[in-house]
Each structure stands twice: as structure tokens, then as C-alpha cells.
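All remarks here apply to the structure that follows.
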Amino acid sequence: MTSYPLLDVRVSTPRLELRGATDELLGELAEVVRAGKTDAEPPPYDDPISLYEPDPDQRVAKWLRAIWRGRGKVEPDAWRLYFVAVVDGRPVGMQDLIGVNFSTLGTVTSFSWLSADERGRGLGREMRAAILHLAFEGLGAKEAGSDAFVDNHGSNAISQALGYEPNGTDWATRLGKPALLNRWRLTRDNWRRRADIQLHNIEACQTYLPLS
């Protein structure tokens, strides 16, 4: 048990586990961030967790500060759970769940990244399936959204494969420059529940998150 029970929340699948992003896990994952293995082509949208700072030490410092700040913001209109994706005991990336006016609308979105040397194995889809299970099965979400730039074929393909439906387009910035996004929407009715995904210690979410 940690001193912050939300960090004890876990989601396990046959291929990986999402573990609450403790400082110990972040310390292990920092080597991936420092090595620049978070870079992607095309790059994702600009997120408060900066992964594009050119100086490796500053990149790690900004990334950690953003997560620490995010832990402390738990409001009815916005909260964020940070998870480290672990495969065979190795931290390989992050998968976040973000509540958007959850207490009123029951809506969530997600953000993720995967180490460059772990891509192409279907882990991104498995991470998304795991976080959707937490959202719908664990927290009672009504709808999940996802955004991806139109040229991010991998993310768009994951959304399609998991049952999301197109929900228009929007604009966002990446590396400070505007680019067009595809928007996706997954309702509770269209969510495909999997029997092989397990939730652990989610009682902390009921206690510490403004879910209703």
C-alpha cells in the first residue's frame, strides 16, 4: 500500500499490466524518456507532459513535474490517472485516463506513449483496451473519446479496431504547429467488454475521485 491509494490501482491483461505511476516506476521509465525513445513520427499533440525537450535531463525533469502537478489536480471537471505500462516486468510506456466533466457527463479520454523499441507488437491497442476496461467496467463511464492527427495511422487504426466511431475533426498543435485531428467516440453500448482483463484496488477511485 502506498501513501496515495490511487497509485495502487492496477489493470492486468494477458499481455501487460497498467500500474499506478509511482515515483519508483517513473524512475525506471525515466531512462526511456532520457534516451529519446518517446519520440514518434508523426509526433502526437502537445501535451502537458513534455517529451520533446531536446536536453535529456530537462526532458525528464519537465515530464516528472507535469505528472506530479497532475496528481494534485482532482476536480469534478478534470482529473487524470497516470499508469505505467509494464511488460514482463519492464516499464515500456504510459497510459493515462483523463476524466472530462465526469461527475456530470461520465466522459473520459486517454493519452499514451510507448517506447520506440516496443512498437509494432500490438501493445498500444492492448494498453487502450485495458484503460477502457477501467473506465467502463470500473468507473461506470458513459463515453470515451480519442483524438489522433489524420496522419497518425496507428492511433486511428486502434480506435477503429476497438469500436470507436468517427466524431468529426478538430485542430491542435504538435511541436507548436497546427495540424488536423480526427476525433473518435466510443459509447458504453459499443464498448466490447473483455473477460480476460482484471481490475485491482479500484475502490480507491470511488473514494478519491469525484465520480458523481
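Every chain in the C-alpha cells takes a letter, A first, then B, and so on in the order presented; its residues are numbered from 1, and the ligands are numbered from 1 following the presented order.
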
Query raised in the report: Which residues come within 7 Å of segment 117-128 of chain A, counting only C-alpha atoms, excluding same-chain residues fewer than 3 positions away, as a list in words?
Result: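 After dropping sequence-adjacent residues, the list is Val92, Gln95, Leu114, Ile131, Leu132 and Ile158 of chain A.
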
Requested in this report: Write out as a PyMOL selection string each polymer residue whose atoms come within 10 Å of Ala35 of chain A, counting only C-alpha atoms; drop sequence neighbours fewer than 5 positions from it.
Outcome: chain A and resi 30+56-57+59-60+115

Can you pull out every residue within 9 Å of segment 107-112 of chain A, counting only C-alpha atoms, but drop anything in the same chain fewer than 3 positions away, and send it as an mmCIF file with N, CA, C and O atoms, in the first residue's frame?
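Final output, selection17.cif:
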data_model
loop_
_atom_site.group_PDB
_atom_site.id
_atom_site.type_symbol
_atom_site.label_atom_id
_atom_site.label_comp_id
_atom_site.auth_asym_id
_atom_site.auth_seq_id
_atom_site.Cartn_x
_atom_site.Cartn_y
_atom_site.Cartn_z
ATOM 1 N N ASP A 47 1.220 17.924 -25.262
ATOM 2 C CA ASP A 47 0.587 17.516 -24.013
ATOM 3 C C ASP A 47 1.326 18.188 -22.866
ATOM 4 O O ASP A 47 2.504 18.524 -23.003
ATOM 5 N N ARG A 80 -6.896 13.211 -13.746
ATOM 6 C CA ARG A 80 -6.073 12.378 -14.623
ATOM 7 C C ARG A 80 -5.386 11.301 -13.799
ATOM 8 O O ARG A 80 -4.750 11.603 -12.782
ATOM 9 N N GLY A 93 6.112 2.188 -21.239
ATOM 10 C CA GLY A 93 5.378 3.365 -21.689
ATOM 11 C C GLY A 93 4.367 3.792 -20.652
ATOM 12 O O GLY A 93 4.390 3.316 -19.512
ATOM 13 N N MET A 94 3.486 4.700 -21.057
ATOM 14 C CA MET A 94 2.458 5.200 -20.154
ATOM 15 C C MET A 94 1.100 5.196 -20.839
ATOM 16 O O MET A 94 0.995 5.344 -22.061
ATOM 17 N N GLN A 95 0.075 5.021 -20.017
ATOM 18 C CA GLN A 95 -1.310 5.079 -20.477
ATOM 19 C C GLN A 95 -2.105 5.838 -19.418
ATOM 20 O O GLN A 95 -2.218 5.383 -18.287
ATOM 21 N N ASP A 96 -2.612 6.992 -19.779
ATOM 22 C CA ASP A 96 -3.349 7.834 -18.840
ATOM 23 C C ASP A 96 -4.835 7.799 -19.134
ATOM 24 O O ASP A 96 -5.253 7.671 -20.292
ATOM 25 N N LEU A 97 -5.624 7.931 -18.078
ATOM 26 C CA LEU A 97 -7.071 8.078 -18.205
ATOM 27 C C LEU A 97 -7.438 9.450 -17.673
ATOM 28 O O LEU A 97 -7.065 9.806 -16.553
ATOM 29 N N ILE A 98 -8.189 10.220 -18.463
ATOM 30 C CA ILE A 98 -8.491 11.610 -18.137
ATOM 31 C C ILE A 98 -10.000 11.782 -18.039
ATOM 32 O O ILE A 98 -10.728 11.527 -19.000
ATOM 33 N N GLY A 99 -10.472 12.186 -16.867
ATOM 34 C CA GLY A 99 -11.890 12.466 -16.687
ATOM 35 C C GLY A 99 -12.222 13.856 -17.180
ATOM 36 O O GLY A 99 -11.528 14.825 -16.856
ATOM 37 N N VAL A 100 -13.280 13.967 -17.991
ATOM 38 C CA VAL A 100 -13.696 15.248 -18.563
ATOM 39 C C VAL A 100 -15.137 15.506 -18.126
ATOM 40 O O VAL A 100 -16.068 14.889 -18.652
ATOM 41 N N ASN A 101 -15.304 16.379 -17.129
ATOM 42 C CA ASN A 101 -16.645 16.602 -16.564
ATOM 43 C C ASN A 101 -17.313 15.268 -16.224
ATOM 44 O O ASN A 101 -18.499 15.062 -16.483
ATOM 45 N N PHE A 102 -16.528 14.373 -15.631
ATOM 46 C CA PHE A 102 -17.006 13.013 -15.425
ATOM 47 C C PHE A 102 -18.217 12.963 -14.498
ATOM 48 O O PHE A 102 -19.159 12.204 -14.741
ATOM 49 N N SER A 103 -18.204 13.756 -13.442
ATOM 50 C CA SER A 103 -19.302 13.677 -12.477
ATOM 51 C C SER A 103 -20.631 14.082 -13.089
ATOM 52 O O SER A 103 -21.693 13.649 -12.628
ATOM 53 N N THR A 104 -20.600 14.891 -14.153
ATOM 54 C CA THR A 104 -21.827 15.326 -14.831
ATOM 55 C C THR A 104 -22.112 14.507 -16.087
ATOM 56 O O THR A 104 -23.243 14.069 -16.312
ATOM 57 N N GLY A 124 0.109 -1.080 -28.039
ATOM 58 C CA GLY A 124 -0.685 0.149 -27.944
ATOM 59 C C GLY A 124 -2.171 -0.155 -27.889
ATOM 60 O O GLY A 124 -2.910 0.443 -27.090
ATOM 61 N N MET A 127 -2.939 -1.662 -24.422
ATOM 62 C CA MET A 127 -2.976 -0.618 -23.401
ATOM 63 C C MET A 127 -4.301 0.131 -23.437
ATOM 64 O O MET A 127 -4.915 0.399 -22.395
ATOM 65 N N ARG A 128 -4.761 0.464 -24.643
ATOM 66 C CA ARG A 128 -6.030 1.195 -24.760
ATOM 67 C C ARG A 128 -7.193 0.326 -24.293
ATOM 68 O O ARG A 128 -8.095 0.810 -23.618
ATOM 69 N N ILE A 131 -7.265 0.385 -20.492
ATOM 70 C CA ILE A 131 -7.741 1.619 -19.854
ATOM 71 C C ILE A 131 -9.232 1.809 -20.107
ATOM 72 O O ILE A 131 -9.947 2.371 -19.256
ATOM 73 N N LEU A 132 -9.735 1.333 -21.231
ATOM 74 C CA LEU A 132 -11.177 1.389 -21.473
ATOM 75 C C LEU A 132 -11.921 0.484 -20.501
ATOM 76 O O LEU A 132 -13.024 0.807 -20.054
ATOM 77 N N ALA A 135 -12.252 2.357 -17.375
ATOM 78 C CA ALA A 135 -13.223 3.442 -17.494
ATOM 79 C C ALA A 135 -14.658 2.926 -17.442
ATOM 80 O O ALA A 135 -15.493 3.426 -16.667
ATOM 81 N N ALA A 141 -18.074 4.727 -16.749
ATOM 82 C CA ALA A 141 -18.091 5.778 -17.769
ATOM 83 C C ALA A 141 -19.210 5.536 -18.773
ATOM 84 O O ALA A 141 -19.600 4.397 -19.047
ATOM 85 N N LYS A 142 -19.708 6.628 -19.336
ATOM 86 C CA LYS A 142 -20.745 6.554 -20.360
ATOM 87 C C LYS A 142 -20.174 6.646 -21.773
ATOM 88 O O LYS A 142 -20.756 6.135 -22.722
ATOM 89 N N GLU A 143 -19.029 7.315 -21.883
ATOM 90 C CA GLU A 143 -18.473 7.545 -23.218
ATOM 91 C C GLU A 143 -16.977 7.829 -23.104
ATOM 92 O O GLU A 143 -16.526 8.473 -22.158
ATOM 93 N N ALA A 144 -16.226 7.328 -24.093
ATOM 94 C CA ALA A 144 -14.791 7.602 -24.173
ATOM 95 C C ALA A 144 -14.480 8.267 -25.500
ATOM 96 O O ALA A 144 -14.980 7.846 -26.547
ATOM 97 N N GLY A 145 -13.672 9.287 -25.447
ATOM 98 C CA GLY A 145 -13.234 9.960 -26.661
ATOM 99 C C GLY A 145 -11.769 9.684 -26.928
ATOM 100 O O GLY A 145 -11.015 9.266 -26.049
ATOM 101 N N SER A 146 -11.364 9.906 -28.171
ATOM 102 C CA SER A 146 -9.959 9.793 -28.537
ATOM 103 C C SER A 146 -9.709 10.709 -29.722
ATOM 104 O O SER A 146 -10.560 10.836 -30.607
ATOM 105 N N ASP A 147 -8.557 11.346 -29.734
ATOM 106 C CA ASP A 147 -8.156 12.202 -30.846
ATOM 107 C C ASP A 147 -6.832 11.710 -31.406
ATOM 108 O O ASP A 147 -5.968 11.249 -30.658
#

Requested in this report: Quote the spacing between atom CA of Gly138 of chain A and atom CA of Ile202 of chain A in Å to one decimal place.
Outcome: 6.8 Å

Requested in this report: Measuring atom to atom with only C-alpha atoms, identify which of A:Ala21, A:Val11, A:Val32, A:Ala116 is nearest to Gln198 of chain A.
Outcome: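 Among A:Ala21, A:Val11, A:Val32, A:Ala116, it is A:Val11 that comes nearest to Gln198 of chain A.
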
Query raised in the report: Taking into account only C-alpha atoms, which residue in the set A:Leu26, A:Asn152, A:Ile67, A:Gly163 is nearest to Trp79 of chain A?
Result: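 Of the candidates, the smallest distance to Trp79 of chain A is held by A:Ile67.
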
Query raised in the report: For Arg15 of chain A, which residue among A:Gly70, A:Leu51, A:Ala40, A:Gly89 is the nearest when counting only C-alpha atoms?
Result: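 With only C-alpha atoms as the atom set, the closest residue is A:Gly89.
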